[in-house]
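The file protein_17.pdb contains PDB, C-alpha atoms:
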```
ATOM      1  CA  MET A   1     -13.042  10.133  29.160
ATOM      2  CA  PRO A   2      -9.968  11.086  27.079
ATOM      3  CA  ASP A   3     -10.450  11.458  23.334
ATOM      4  CA  ALA A   4      -9.108   8.821  20.936
ATOM      5  CA  LEU A   5      -5.974  10.764  20.012
ATOM      6  CA  SER A   6      -5.069  11.528  23.628
ATOM      7  CA  ARG A   7      -5.438   7.846  24.489
ATOM      8  CA  LEU A   8      -2.997   6.908  21.724
ATOM      9  CA  LEU A   9      -0.549   9.621  22.739
ATOM     10  CA  GLU A  10      -0.553   8.270  26.301
ATOM     11  CA  THR A  11       0.667   4.861  25.172
ATOM     12  CA  ARG A  12       2.992   5.657  22.246
ATOM     13  CA  ASP A  13       6.068   7.850  21.830
ATOM     14  CA  TRP A  14       5.339   8.407  18.133
ATOM     15  CA  LEU A  15       2.338   8.097  15.838
ATOM     16  CA  LEU A  16       2.294   7.773  12.054
ATOM     17  CA  ALA A  17      -0.127  10.135  10.351
ATOM     18  CA  ASP A  18      -1.226   9.811   6.719
ATOM     19  CA  GLY A  19       0.109  11.220   3.457
ATOM     20  CA  ALA A  20      -1.297  13.356   0.668
ATOM     21  CA  THR A  21      -4.966  13.689  -0.153
ATOM     22  CA  GLY A  22      -4.793  15.575  -3.449
ATOM     23  CA  THR A  23      -1.908  13.552  -4.901
ATOM     24  CA  ASN A  24      -3.660  10.253  -4.253
ATOM     25  CA  LEU A  25      -7.035  11.473  -5.524
ATOM     26  CA  PHE A  26      -5.447  12.815  -8.711
ATOM     27  CA  ASN A  27      -3.976   9.338  -9.172
ATOM     28  CA  MET A  28      -7.567   8.010  -8.962
ATOM     29  CA  GLY A  29      -8.820  10.349 -11.670
ATOM     30  CA  LEU A  30      -9.687  13.636  -9.964
ATOM     31  CA  SER A  31      -9.311  16.485 -12.446
ATOM     32  CA  SER A  32      -7.399  19.653 -11.677
ATOM     33  CA  GLY A  33      -9.806  22.385 -10.626
ATOM     34  CA  ASP A  34     -12.491  20.005  -9.383
ATOM     35  CA  ALA A  35     -13.543  20.035  -5.725
ATOM     36  CA  PRO A  36     -12.281  16.833  -4.041
ATOM     37  CA  GLU A  37     -14.968  17.214  -1.364
ATOM     38  CA  LEU A  38     -17.724  16.443  -3.870
ATOM     39  CA  TRP A  39     -16.300  12.942  -4.164
ATOM     40  CA  ASN A  40     -17.380  12.292  -0.555
ATOM     41  CA  VAL A  41     -20.897  11.917  -1.976
ATOM     42  CA  ASP A  42     -20.291  11.235  -5.682
ATOM     43  CA  GLU A  43     -17.391   8.727  -5.415
ATOM     44  CA  PRO A  44     -17.539   7.270  -1.890
ATOM     45  CA  GLU A  45     -15.658   4.086  -2.777
ATOM     46  CA  LYS A  46     -12.676   6.102  -3.998
ATOM     47  CA  ILE A  47     -12.632   8.000  -0.714
ATOM     48  CA  ARG A  48     -12.752   4.710   1.190
ATOM     49  CA  THR A  49      -9.800   3.584  -0.939
ATOM     50  CA  LEU A  50      -7.933   6.783  -0.034
ATOM     51  CA  TYR A  51      -8.468   6.187   3.676
ATOM     52  CA  ARG A  52      -7.719   2.457   3.504
ATOM     53  CA  GLY A  53      -4.462   3.196   1.699
ATOM     54  CA  ALA A  54      -3.189   5.076   4.725
ATOM     55  CA  VAL A  55      -4.514   2.571   7.264
ATOM     56  CA  ASN A  56      -3.117  -0.434   5.396
ATOM     57  CA  ALA A  57       0.259   1.314   5.154
ATOM     58  CA  GLY A  58       0.367   1.601   8.940
ATOM     59  CA  SER A  59      -1.023   5.056   9.701
ATOM     60  CA  ASP A  60      -2.349   5.585  13.221
ATOM     61  CA  LEU A  61      -4.469   8.515  12.064
ATOM     62  CA  PHE A  62      -5.715   9.832   8.755
ATOM     63  CA  LEU A  63      -7.282  13.072   7.601
ATOM     64  CA  THR A  64     -10.724  13.320   6.053
ATOM     65  CA  ASN A  65     -11.196  14.581   2.508
ATOM     66  CA  THR A  66     -12.401  17.985   3.698
ATOM     67  CA  PHE A  67      -9.407  20.315   3.335
ATOM     68  CA  GLY A  68     -11.462  22.754   1.245
ATOM     69  CA  GLY A  69     -14.733  21.951   2.967
ATOM     70  CA  ASN A  70     -15.577  25.422   4.230
ATOM     71  CA  ALA A  71     -18.189  27.727   2.705
ATOM     72  CA  SER A  72     -15.638  30.093   1.191
ATOM     73  CA  ARG A  73     -13.802  27.366  -0.714
ATOM     74  CA  LEU A  74     -16.939  25.441  -1.694
ATOM     75  CA  LYS A  75     -18.506  28.642  -3.039
ATOM     76  CA  LEU A  76     -16.017  28.404  -5.916
ATOM     77  CA  HIS A  77     -17.909  25.252  -6.960
ATOM     78  CA  SER A  78     -21.421  26.558  -6.144
ATOM     79  CA  ALA A  79     -21.552  24.158  -3.202
ATOM     80  CA  GLU A  80     -21.401  26.538  -0.236
ATOM     81  CA  HIS A  81     -24.829  25.279   0.888
ATOM     82  CA  ARG A  82     -23.447  21.719   1.187
ATOM     83  CA  VAL A  83     -20.802  22.315   3.874
ATOM     84  CA  ARG A  84     -22.479  20.218   6.569
ATOM     85  CA  GLU A  85     -23.424  17.424   4.142
ATOM     86  CA  LEU A  86     -19.996  17.023   2.531
ATOM     87  CA  ASN A  87     -18.083  17.147   5.810
ATOM     88  CA  ARG A  88     -20.455  14.706   7.482
ATOM     89  CA  ALA A  89     -20.144  12.288   4.546
ATOM     90  CA  ALA A  90     -16.327  12.429   4.617
ATOM     91  CA  ALA A  91     -16.223  11.712   8.340
ATOM     92  CA  GLU A  92     -18.768   8.894   8.079
ATOM     93  CA  LEU A  93     -16.623   7.160   5.455
ATOM     94  CA  GLY A  94     -13.589   7.676   7.657
ATOM     95  CA  ARG A  95     -15.344   6.287  10.715
ATOM     96  CA  GLU A  96     -16.317   3.201   8.721
ATOM     97  CA  VAL A  97     -12.727   2.546   7.621
ATOM     98  CA  ALA A  98     -11.202   3.255  11.033
ATOM     99  CA  ASP A  99     -13.668   1.022  12.874
ATOM    100  CA  ALA A 100     -12.849  -1.849  10.525
ATOM    101  CA  ALA A 101      -9.084  -1.520  11.005
ATOM    102  CA  GLY A 102      -8.807  -3.969  13.905
ATOM    103  CA  ARG A 103      -6.635  -1.526  15.880
ATOM    104  CA  PRO A 104      -7.057   2.025  17.184
ATOM    105  CA  VAL A 105      -7.051   4.492  14.270
ATOM    106  CA  VAL A 106      -7.956   8.164  14.696
ATOM    107  CA  VAL A 107     -10.224   9.953  12.220
ATOM    108  CA  ALA A 108      -8.960  13.532  11.966
ATOM    109  CA  GLY A 109     -11.351  16.008  10.382
ATOM    110  CA  SER A 110      -9.280  18.110   7.997
ATOM    111  CA  VAL A 111      -9.919  21.861   8.189
ATOM    112  CA  GLY A 112      -7.947  23.918   5.681
ATOM    113  CA  PRO A 113      -7.752  27.698   5.273
ATOM    114  CA  THR A 114     -10.669  29.731   3.963
ATOM    115  CA  GLY A 115      -8.592  30.993   1.056
ATOM    116  CA  GLU A 116      -9.433  34.580   2.000
ATOM    117  CA  ILE A 117      -7.229  37.299   3.508
ATOM    118  CA  MET A 118      -8.200  38.438   6.990
ATOM    119  CA  GLU A 119      -8.799  42.078   7.800
ATOM    120  CA  PRO A 120      -7.353  44.685   7.839
ATOM    121  CA  MET A 121      -5.525  43.566   4.672
ATOM    122  CA  GLY A 122      -8.526  41.593   3.426
ATOM    123  CA  ALA A 123     -12.268  41.367   3.862
ATOM    124  CA  LEU A 124     -12.491  38.282   6.105
ATOM    125  CA  THR A 125     -13.404  39.198   9.668
ATOM    126  CA  TYR A 126     -12.509  37.056  12.673
ATOM    127  CA  ALA A 127     -16.191  36.412  13.398
ATOM    128  CA  MET A 128     -16.815  35.269   9.822
ATOM    129  CA  ALA A 129     -13.856  32.870   9.992
ATOM    130  CA  VAL A 130     -15.105  31.389  13.265
ATOM    131  CA  GLU A 131     -18.567  30.924  11.767
ATOM    132  CA  MET A 132     -17.232  29.145   8.665
ATOM    133  CA  PHE A 133     -14.945  26.858  10.628
ATOM    134  CA  HIS A 134     -17.682  26.107  13.176
ATOM    135  CA  GLU A 135     -20.105  25.061  10.428
ATOM    136  CA  GLN A 136     -17.492  22.697   9.043
ATOM    137  CA  ALA A 137     -16.598  21.373  12.488
ATOM    138  CA  GLU A 138     -20.212  20.492  13.255
ATOM    139  CA  GLY A 139     -20.458  18.455  10.048
ATOM    140  CA  LEU A 140     -17.276  16.561  10.860
ATOM    141  CA  LYS A 141     -18.493  15.943  14.405
ATOM    142  CA  GLU A 142     -21.821  14.585  13.160
ATOM    143  CA  GLY A 143     -19.976  12.190  10.869
ATOM    144  CA  GLY A 144     -17.887  10.747  13.699
ATOM    145  CA  ALA A 145     -14.493  12.474  13.419
ATOM    146  CA  ASP A 146     -12.411  12.017  16.582
ATOM    147  CA  VAL A 147     -10.518  15.290  16.364
ATOM    148  CA  LEU A 148     -10.393  18.413  14.195
ATOM    149  CA  TRP A 149      -7.153  18.770  12.233
ATOM    150  CA  VAL A 150      -6.532  22.390  11.235
ATOM    151  CA  GLU A 151      -3.790  22.531   8.586
ATOM    152  CA  THR A 152      -1.822  24.704   6.161
ATOM    153  CA  ILE A 153      -2.736  27.931   7.947
ATOM    154  CA  SER A 154      -0.645  31.080   7.374
ATOM    155  CA  ALA A 155      -2.357  33.792   9.432
ATOM    156  CA  PRO A 156      -2.359  33.664  13.254
ATOM    157  CA  GLU A 157      -5.885  35.111  13.469
ATOM    158  CA  GLU A 158      -7.228  32.387  11.177
ATOM    159  CA  TYR A 159      -5.505  29.751  13.320
ATOM    160  CA  LYS A 160      -7.089  31.244  16.428
ATOM    161  CA  ALA A 161     -10.505  31.341  14.726
ATOM    162  CA  ALA A 162     -10.285  27.638  13.898
ATOM    163  CA  GLY A 163      -9.387  26.890  17.505
ATOM    164  CA  GLU A 164     -12.390  28.859  18.734
ATOM    165  CA  ALA A 165     -14.622  26.966  16.294
ATOM    166  CA  ALA A 166     -13.355  23.663  17.700
ATOM    167  CA  LYS A 167     -14.244  24.855  21.191
ATOM    168  CA  LEU A 168     -17.732  25.866  20.054
ATOM    169  CA  ALA A 169     -18.201  22.407  18.534
ATOM    170  CA  GLY A 170     -16.912  20.744  21.696
ATOM    171  CA  MET A 171     -14.140  18.934  19.836
ATOM    172  CA  PRO A 172     -10.444  18.422  20.572
ATOM    173  CA  TRP A 173      -8.177  19.769  17.851
ATOM    174  CA  CYS A 174      -4.685  19.821  16.422
ATOM    175  CA  GLY A 175      -3.291  22.575  14.248
ATOM    176  CA  THR A 176      -0.415  23.057  11.821
ATOM    177  CA  MET A 177       0.818  26.053   9.899
ATOM    178  CA  SER A 178       2.725  26.092   6.602
ATOM    179  CA  PHE A 179       6.188  27.668   6.708
ATOM    180  CA  ASP A 180       7.190  28.385   3.136
ATOM    181  CA  THR A 181       8.790  31.836   3.023
ATOM    182  CA  ALA A 182      12.337  31.742   4.454
ATOM    183  CA  GLY A 183      11.187  29.822   7.514
ATOM    184  CA  ARG A 184       8.039  31.886   8.022
ATOM    185  CA  THR A 185       4.421  31.462   7.053
ATOM    186  CA  MET A 186       3.099  33.645   4.245
ATOM    187  CA  MET A 187       1.872  36.067   6.917
ATOM    188  CA  GLY A 188       5.234  36.192   8.692
ATOM    189  CA  VAL A 189       4.843  33.764  11.616
ATOM    190  CA  THR A 190       8.049  32.006  12.748
ATOM    191  CA  SER A 191       8.334  28.674  14.543
ATOM    192  CA  ALA A 192       9.035  30.515  17.807
ATOM    193  CA  GLY A 193       6.082  32.810  17.200
ATOM    194  CA  MET A 194       3.731  29.898  16.644
ATOM    195  CA  ALA A 195       4.913  28.080  19.765
ATOM    196  CA  GLU A 196       4.296  31.218  21.813
ATOM    197  CA  MET A 197       0.883  31.829  20.228
ATOM    198  CA  VAL A 198      -0.332  28.279  20.864
ATOM    199  CA  GLU A 199       0.281  28.491  24.600
ATOM    200  CA  LYS A 200      -1.747  31.708  24.860
ATOM    201  CA  LEU A 201      -4.881  30.329  23.190
ATOM    202  CA  PRO A 202      -7.986  29.972  25.409
ATOM    203  CA  SER A 203      -8.431  26.447  24.092
ATOM    204  CA  PRO A 204      -5.015  25.234  22.893
ATOM    205  CA  PRO A 205      -4.585  22.280  20.516
ATOM    206  CA  LEU A 206      -3.646  18.795  21.671
ATOM    207  CA  ALA A 207      -0.662  18.998  19.340
ATOM    208  CA  PHE A 208       0.743  21.576  16.940
ATOM    209  CA  GLY A 209       3.347  21.764  14.228
ATOM    210  CA  ALA A 210       4.037  22.269  10.551
ATOM    211  CA  ASN A 211       2.857  20.788   7.289
ATOM    212  CA  CYS A 212       3.465  21.277   3.575
ATOM    213  CA  GLY A 213       5.689  24.316   2.947
ATOM    214  CA  VAL A 214       8.769  23.679   0.832
ATOM    215  CA  GLY A 215      10.823  20.493   1.241
ATOM    216  CA  ALA A 216      11.332  18.045   4.079
ATOM    217  CA  SER A 217      14.579  19.716   5.166
ATOM    218  CA  ASP A 218      12.903  23.083   5.672
ATOM    219  CA  LEU A 219      10.066  21.506   7.628
ATOM    220  CA  LEU A 220      12.445  19.754  10.011
ATOM    221  CA  ARG A 221      14.313  23.003  10.620
ATOM    222  CA  THR A 222      10.961  24.450  11.679
ATOM    223  CA  VAL A 223      10.329  21.464  13.989
ATOM    224  CA  LEU A 224      13.707  22.092  15.607
ATOM    225  CA  GLY A 225      12.502  25.650  16.196
ATOM    226  CA  PHE A 226       9.388  24.366  17.952
ATOM    227  CA  ALA A 227      11.459  22.025  20.127
ATOM    228  CA  ALA A 228      13.834  24.842  21.036
ATOM    229  CA  SER A 229      10.900  26.802  22.462
ATOM    230  CA  GLY A 230      10.704  24.309  25.326
ATOM    231  CA  THR A 231       7.081  23.338  24.619
ATOM    232  CA  GLU A 232       5.822  20.159  26.249
ATOM    233  CA  ARG A 233       2.952  19.859  23.782
ATOM    234  CA  PRO A 234       3.270  17.049  21.178
ATOM    235  CA  LEU A 235       4.728  18.290  17.889
ATOM    236  CA  ILE A 236       3.480  17.451  14.401
ATOM    237  CA  ALA A 237       5.643  17.064  11.281
ATOM    238  CA  LYS A 238       3.896  16.538   7.945
ATOM    239  CA  GLY A 239       6.404  17.287   5.218
ATOM    240  CA  ASN A 240       6.118  17.072   1.453
ATOM    241  CA  ALA A 241       7.635  14.086  -0.337
ATOM    242  CA  GLY A 242      10.546  15.962  -1.836
ATOM    243  CA  ILE A 243      10.398  18.949  -4.161
ATOM    244  CA  PRO A 244       7.625  19.461  -6.752
ATOM    245  CA  LYS A 245       8.594  19.115 -10.423
ATOM    246  CA  TYR A 246       6.362  19.975 -13.382
ATOM    247  CA  HIS A 247       6.361  17.160 -15.942
ATOM    248  CA  ASP A 248       3.938  16.351 -18.785
ATOM    249  CA  GLY A 249       1.312  18.746 -17.486
ATOM    250  CA  HIS A 250       1.356  17.419 -13.916
ATOM    251  CA  ILE A 251       3.146  18.157 -10.661
ATOM    252  CA  HIS A 252       5.338  15.321  -9.419
ATOM    253  CA  TYR A 253       7.311  15.112  -6.173
ATOM    254  CA  ASP A 254      10.824  13.670  -6.267
ATOM    255  CA  GLY A 255      10.936  12.206  -2.761
ATOM    256  CA  THR A 256      11.373   8.430  -2.793
ATOM    257  CA  PRO A 257      10.146   6.051  -0.075
ATOM    258  CA  ALA A 258      13.775   5.762   1.093
ATOM    259  CA  LEU A 259      14.073   9.528   1.485
ATOM    260  CA  MET A 260      10.774   9.735   3.364
ATOM    261  CA  ALA A 261      11.922   6.925   5.660
ATOM    262  CA  ASP A 262      14.989   9.010   6.531
ATOM    263  CA  TYR A 263      12.752  12.053   6.998
ATOM    264  CA  ALA A 264      10.425  10.185   9.384
ATOM    265  CA  VAL A 265      13.275   9.081  11.644
ATOM    266  CA  LEU A 266      14.848  12.545  11.585
ATOM    267  CA  ALA A 267      11.458  14.101  12.406
ATOM    268  CA  ARG A 268      11.129  11.826  15.437
ATOM    269  CA  ASP A 269      14.663  12.666  16.558
ATOM    270  CA  CYS A 270      13.985  16.397  16.051
ATOM    271  CA  GLY A 271      11.191  16.106  18.607
ATOM    272  CA  ALA A 272       8.065  15.352  16.568
ATOM    273  CA  THR A 273       5.547  12.914  18.026
ATOM    274  CA  ILE A 274       3.016  12.804  15.158
ATOM    275  CA  ILE A 275       4.813  12.200  11.869
ATOM    276  CA  GLY A 276       3.278  12.011   8.421
ATOM    277  CA  GLY A 277       3.628  13.270   4.887
ATOM    278  CA  CYS A 278       1.948  15.983   2.891
ATOM    279  CA  CYS A 279       1.955  16.634  -0.873
ATOM    280  CA  GLY A 280       3.301  13.755  -2.949
ATOM    281  CA  THR A 281       3.210  11.214  -0.102
ATOM    282  CA  THR A 282       1.646   7.895  -1.164
ATOM    283  CA  PRO A 283       0.985   4.652   0.743
ATOM    284  CA  GLU A 284       4.340   3.370  -0.535
ATOM    285  CA  HIS A 285       6.070   6.243   1.232
ATOM    286  CA  LEU A 286       4.052   5.621   4.396
ATOM    287  CA  LYS A 287       5.012   1.929   4.501
ATOM    288  CA  ALA A 288       8.692   2.852   4.350
ATOM    289  CA  MET A 289       8.189   5.496   7.037
ATOM    290  CA  ARG A 290       6.440   3.036   9.354
ATOM    291  CA  GLU A 291       9.135   0.418   8.933
ATOM    292  CA  ALA A 292      11.882   2.952   9.612
ATOM    293  CA  LEU A 293      10.189   4.282  12.745
ATOM    294  CA  GLU A 294       9.713   0.753  14.060
ATOM    295  CA  THR A 295      13.200  -0.574  13.292
ATOM    296  CA  ARG A 296      15.620   2.340  13.611
ATOM    297  CA  PRO A 297      16.585   3.285  17.165
ATOM    298  CA  ARG A 298      15.939   6.765  18.465
ATOM    299  CA  GLY A 299      18.995   8.984  18.079
ATOM    300  CA  PRO A 300      20.202  12.363  19.319
ATOM    301  CA  ARG A 301      18.651  15.556  17.990
ATOM    302  CA  PRO A 302      20.127  15.981  14.490
ATOM    303  CA  SER A 303      22.101  19.024  13.451
ATOM    304  CA  LEU A 304      21.175  21.136  10.445
ATOM    305  CA  GLU A 305      24.136  19.605   8.623
ATOM    306  CA  GLU A 306      22.865  16.072   9.257
ATOM    307  CA  ILE A 307      19.433  17.017   7.948
ATOM    308  CA  THR A 308      20.788  18.482   4.720
ATOM    309  CA  GLU A 309      23.144  15.542   4.217
ATOM    310  CA  LYS A 310      20.232  13.095   4.221
ATOM    311  CA  LEU A 311      17.368  15.147   2.775
ATOM    312  CA  GLY A 312      18.993  17.893   0.699
ATOM    313  CA  GLY A 313      19.658  21.554   1.363
ATOM    314  CA  PHE A 314      17.331  24.229   2.639
ATOM    315  CA  SER A 315      15.478  26.570   0.298
ATOM    316  CA  SER A 316      16.687  29.615   2.240
ATOM    317  CA  ALA A 317      19.693  30.500   4.354
ATOM    318  CA  SER A 318      17.555  31.499   7.339
ATOM    319  CA  ASP A 319      14.741  29.879   9.273
ATOM    320  CA  GLY A 320      13.246  33.305   9.937
ATOM    321  CA  THR A 321      14.376  33.629  13.547
ATOM    322  CA  GLY A 322      17.800  35.087  12.863
ATOM    323  CA  ASP A 323      19.470  32.577  15.164
ATOM    324  CA  ASP A 324      20.581  29.931  12.704
ATOM    325  CA  GLU A 325      23.398  29.490  10.261
ATOM    326  CA  ALA A 326      21.975  27.074   7.749
ATOM    327  CA  PRO A 327      23.850  25.283   4.989
ATOM    328  CA  ALA A 328      22.841  26.609   1.587
ATOM    329  CA  ARG A 329      20.763  24.448  -0.715
ATOM    330  CA  THR A 330      22.835  21.748  -2.341
ATOM    331  CA  ARG A 331      22.012  19.441  -5.190
ATOM    332  CA  ARG A 332      19.513  16.878  -3.957
ATOM    333  CA  ARG A 333      20.791  13.329  -3.973
ATOM    334  CA  ARG A 334      18.705  10.732  -5.738
ATOM    335  CA  ARG A 335      17.565   8.109  -3.269
ATOM    336  CA  GLY A 336      16.249   4.618  -3.885
TER     337      GLY A 336
END
```

Can you present the structure in this file as structure tokens?
Amino acid sequence: MPDALSRLLETRDWLLADGATGTNLFNMGLSSGDAPELWNVDEPEKIRTLYRGAVNAGSDLFLTNTFGGNASRLKLHSAEHRVRELNRAAAELGREVADAAGRPVVVAGSVGPTGEIMEPMGALTYAMAVEMFHEQAEGLKEGGADVLWVETISAPEEYKAAGEAAKLAGMPWCGTMSFDTAGRTMMGVTSAGMAEMVEKLPSPPLAFGANCGVGASDLLRTVLGFAASGTERPLIAKGNAGIPKYHDGHIHYDGTPALMADYAVLARDCGATIIGGCCGTTPEHLKAMREALETRPRGPRPSLEEITEKLGGFSSASDGTGDDEAPARTRRRRRG
């Protein structure tokens, strides 16, 4: 029997993912430096509220509050022995919200990076990464997650380790990398390099793509790179809601719901099938994105100039492949 995400992908030509986790939890009172994953047990109603916010805004899938739910990240909070418990609790809360939605909604178990550098530059071995991700995956599986959602990865070996962990857990998975250094990940992977890597994996993801990074324009340039590779695998776009600004001791994102609506339609026209937001994206943004995807007709693949006209300029002149001639960053227009 196909998994829940595959069933949705068979019947829809686009799906709306969720928005930010951290931004929305900070708005509920989470303090900087605290582990959001502890709220899965300590503040379950706030986590239900997080999930419901996405579902009520029209999301077809949402991520669990487990981005930092591996042993390496939880060790910073003396909670490395609680990996299974915290991931299971997050997925159970997600399952509860999804099952009450009255329509098919996918619970995606968020799996973020370990926060460590892989060998030979760092101390993290491939086997250790697989073990950490597998432990997390088993907790998410026990809690009822439909699919593992590997995100914000920079190193290809860490991406591969997460994919192997999903296979060990017997779970389908999706995986995104973060392209934030002149169109490359921190470890130098380009959009073309990722597309090639994905197809060579022993157990490839159901869908792959990009999340976070710099602004929405940069992310869509990366999605165009994926599409240019000729892949037939569904593509994921989860861009930040504008550019981060530091104000009164907090980080704020300047992307309005109107801008994110434009981004969602452009992402679809660039070739993305699963479209959501990352940092700064609230339910208000998601509602505007859903409405735009439902009401605006599909258009031709946008040019780089069209993307910058609607979303603002790129943060770098190159997407990392050497093939593009990108417009330089221009002053971002205020929308809405």

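By chain and then residue number, the residues within 10 Å of Ala216 (chain A) are Asn211, Arg221, Thr222, Ala237, Lys238, Gly239, Asn240, Ala241, Gly242, Ile243, Gly255, Leu259, Met260, Tyr263, Ala264, Leu266, Ala267, Gly277, Cys278, Ile307, Thr308, Leu311, Gly312, Gly313 and Phe314 of chain A, counting only C-alpha atoms and disregarding those fewer than 5 positions away in sequence.
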
Given the PyMOL selection byres ((chain A and resi 165) around 6) and the file above, list the residues it selects as a VMD selection string. chain A and resid 130 133 to 134 162 to 164 166 to 168

Identify the residues around (-11.5, 4.5, 10.2) within a radius of 10 Å, measuring from only C-alpha atoms in the coordinates stated by the file, and give them as a ChimeraX atom specification. /A:48,51-52,54-55,60-64,91-108,144-146

Include C-alpha atoms and write out the residues we just selected as a PDB file, in the frame of the given file.
```pdb
ATOM      1  CA  ARG A  48     -12.752   4.710   1.190  1.00  0.00           C
ATOM      2  CA  TYR A  51      -8.468   6.187   3.676  1.00  0.00           C
ATOM      3  CA  ARG A  52      -7.719   2.457   3.504  1.00  0.00           C
ATOM      4  CA  ALA A  54      -3.189   5.076   4.725  1.00  0.00           C
ATOM      5  CA  VAL A  55      -4.514   2.571   7.264  1.00  0.00           C
ATOM      6  CA  ASP A  60      -2.349   5.585  13.221  1.00  0.00           C
ATOM      7  CA  LEU A  61      -4.469   8.515  12.064  1.00  0.00           C
ATOM      8  CA  PHE A  62      -5.715   9.832   8.755  1.00  0.00           C
ATOM      9  CA  LEU A  63      -7.282  13.072   7.601  1.00  0.00           C
ATOM     10  CA  THR A  64     -10.724  13.320   6.053  1.00  0.00           C
ATOM     11  CA  ALA A  91     -16.223  11.712   8.340  1.00  0.00           C
ATOM     12  CA  GLU A  92     -18.768   8.894   8.079  1.00  0.00           C
ATOM     13  CA  LEU A  93     -16.623   7.160   5.455  1.00  0.00           C
ATOM     14  CA  GLY A  94     -13.589   7.676   7.657  1.00  0.00           C
ATOM     15  CA  ARG A  95     -15.344   6.287  10.715  1.00  0.00           C
ATOM     16  CA  GLU A  96     -16.317   3.201   8.721  1.00  0.00           C
ATOM     17  CA  VAL A  97     -12.727   2.546   7.621  1.00  0.00           C
ATOM     18  CA  ALA A  98     -11.202   3.255  11.033  1.00  0.00           C
ATOM     19  CA  ASP A  99     -13.668   1.022  12.874  1.00  0.00           C
ATOM     20  CA  ALA A 100     -12.849  -1.849  10.525  1.00  0.00           C
ATOM     21  CA  ALA A 101      -9.084  -1.520  11.005  1.00  0.00           C
ATOM     22  CA  GLY A 102      -8.807  -3.969  13.905  1.00  0.00           C
ATOM     23  CA  ARG A 103      -6.635  -1.526  15.880  1.00  0.00           C
ATOM     24  CA  PRO A 104      -7.057   2.025  17.184  1.00  0.00           C
ATOM     25  CA  VAL A 105      -7.051   4.492  14.270  1.00  0.00           C
ATOM     26  CA  VAL A 106      -7.956   8.164  14.696  1.00  0.00           C
ATOM     27  CA  VAL A 107     -10.224   9.953  12.220  1.00  0.00           C
ATOM     28  CA  ALA A 108      -8.960  13.532  11.966  1.00  0.00           C
ATOM     29  CA  GLY A 144     -17.887  10.747  13.699  1.00  0.00           C
ATOM     30  CA  ALA A 145     -14.493  12.474  13.419  1.00  0.00           C
ATOM     31  CA  ASP A 146     -12.411  12.017  16.582  1.00  0.00           C
TER      32      ASP A 146
END
```

Best match for closeness to Phe67 (chain A) among A:Val265, A:Met128, A:Ala35, A:Leu219, counting all atoms listed in the file: A:Ala35

Residues near Glu158 (chain A), anyone? I mean within 8 Å using only C-alpha atoms, not counting same-chain ones fewer than 4 positions away, as a PyMOL selection string. chain A and resi 113+118+126+129+153-154+162

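Minimum atom-to-atom distances from A:Ser315, A:Thr114, A:Thr256, A:Asn24 to Ala288 (chain A) were compared using only C-alpha atoms, and the lowest value belongs to A:Thr256.
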
I'd like to see the residues matched by the PyMOL selection byres ((chain A and resi 138) around 10) on this file, and ideally I'd get them as a count of residues only. 21

With 12 Å as the threshold, what does the neighbourhood of (-16.6, 27.6, -3.6) contain in terms of residues, counting only C-alpha atoms? Coordinates are those of the file; answer as a VMD selection string. chain A and resid 33 to 38 68 to 83 114 to 116

Name all residues at most 8 Å from Ala207 (chain A) (count all atoms listed in the file; drop same-chain ones fewer than 5 positions away) and give them as an MDAnalysis selection string. chainID A and resid 173:175 233:236

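Taking CA of Thr21 (chain A) as the reference point, CA of Gly280 (chain A) is found at 8.7 Å.
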
Run the PyMOL selection byres ((chain A and resi 192-203) around 10) on the file and write out the hits as a PyMOL selection string. chain A and resi 156+159-160+163-167+172-173+175-177+184-185+188-191+204-210+222-231+233+235+320-321

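Taking CA of Val147 (chain A) and CA of Leu5 (chain A) as endpoints, the distance between them is 7.4 Å.
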
Pairwise distance, CA of Asp18 (chain A) with CA of Glu306 (chain A), equals 25.0 Å
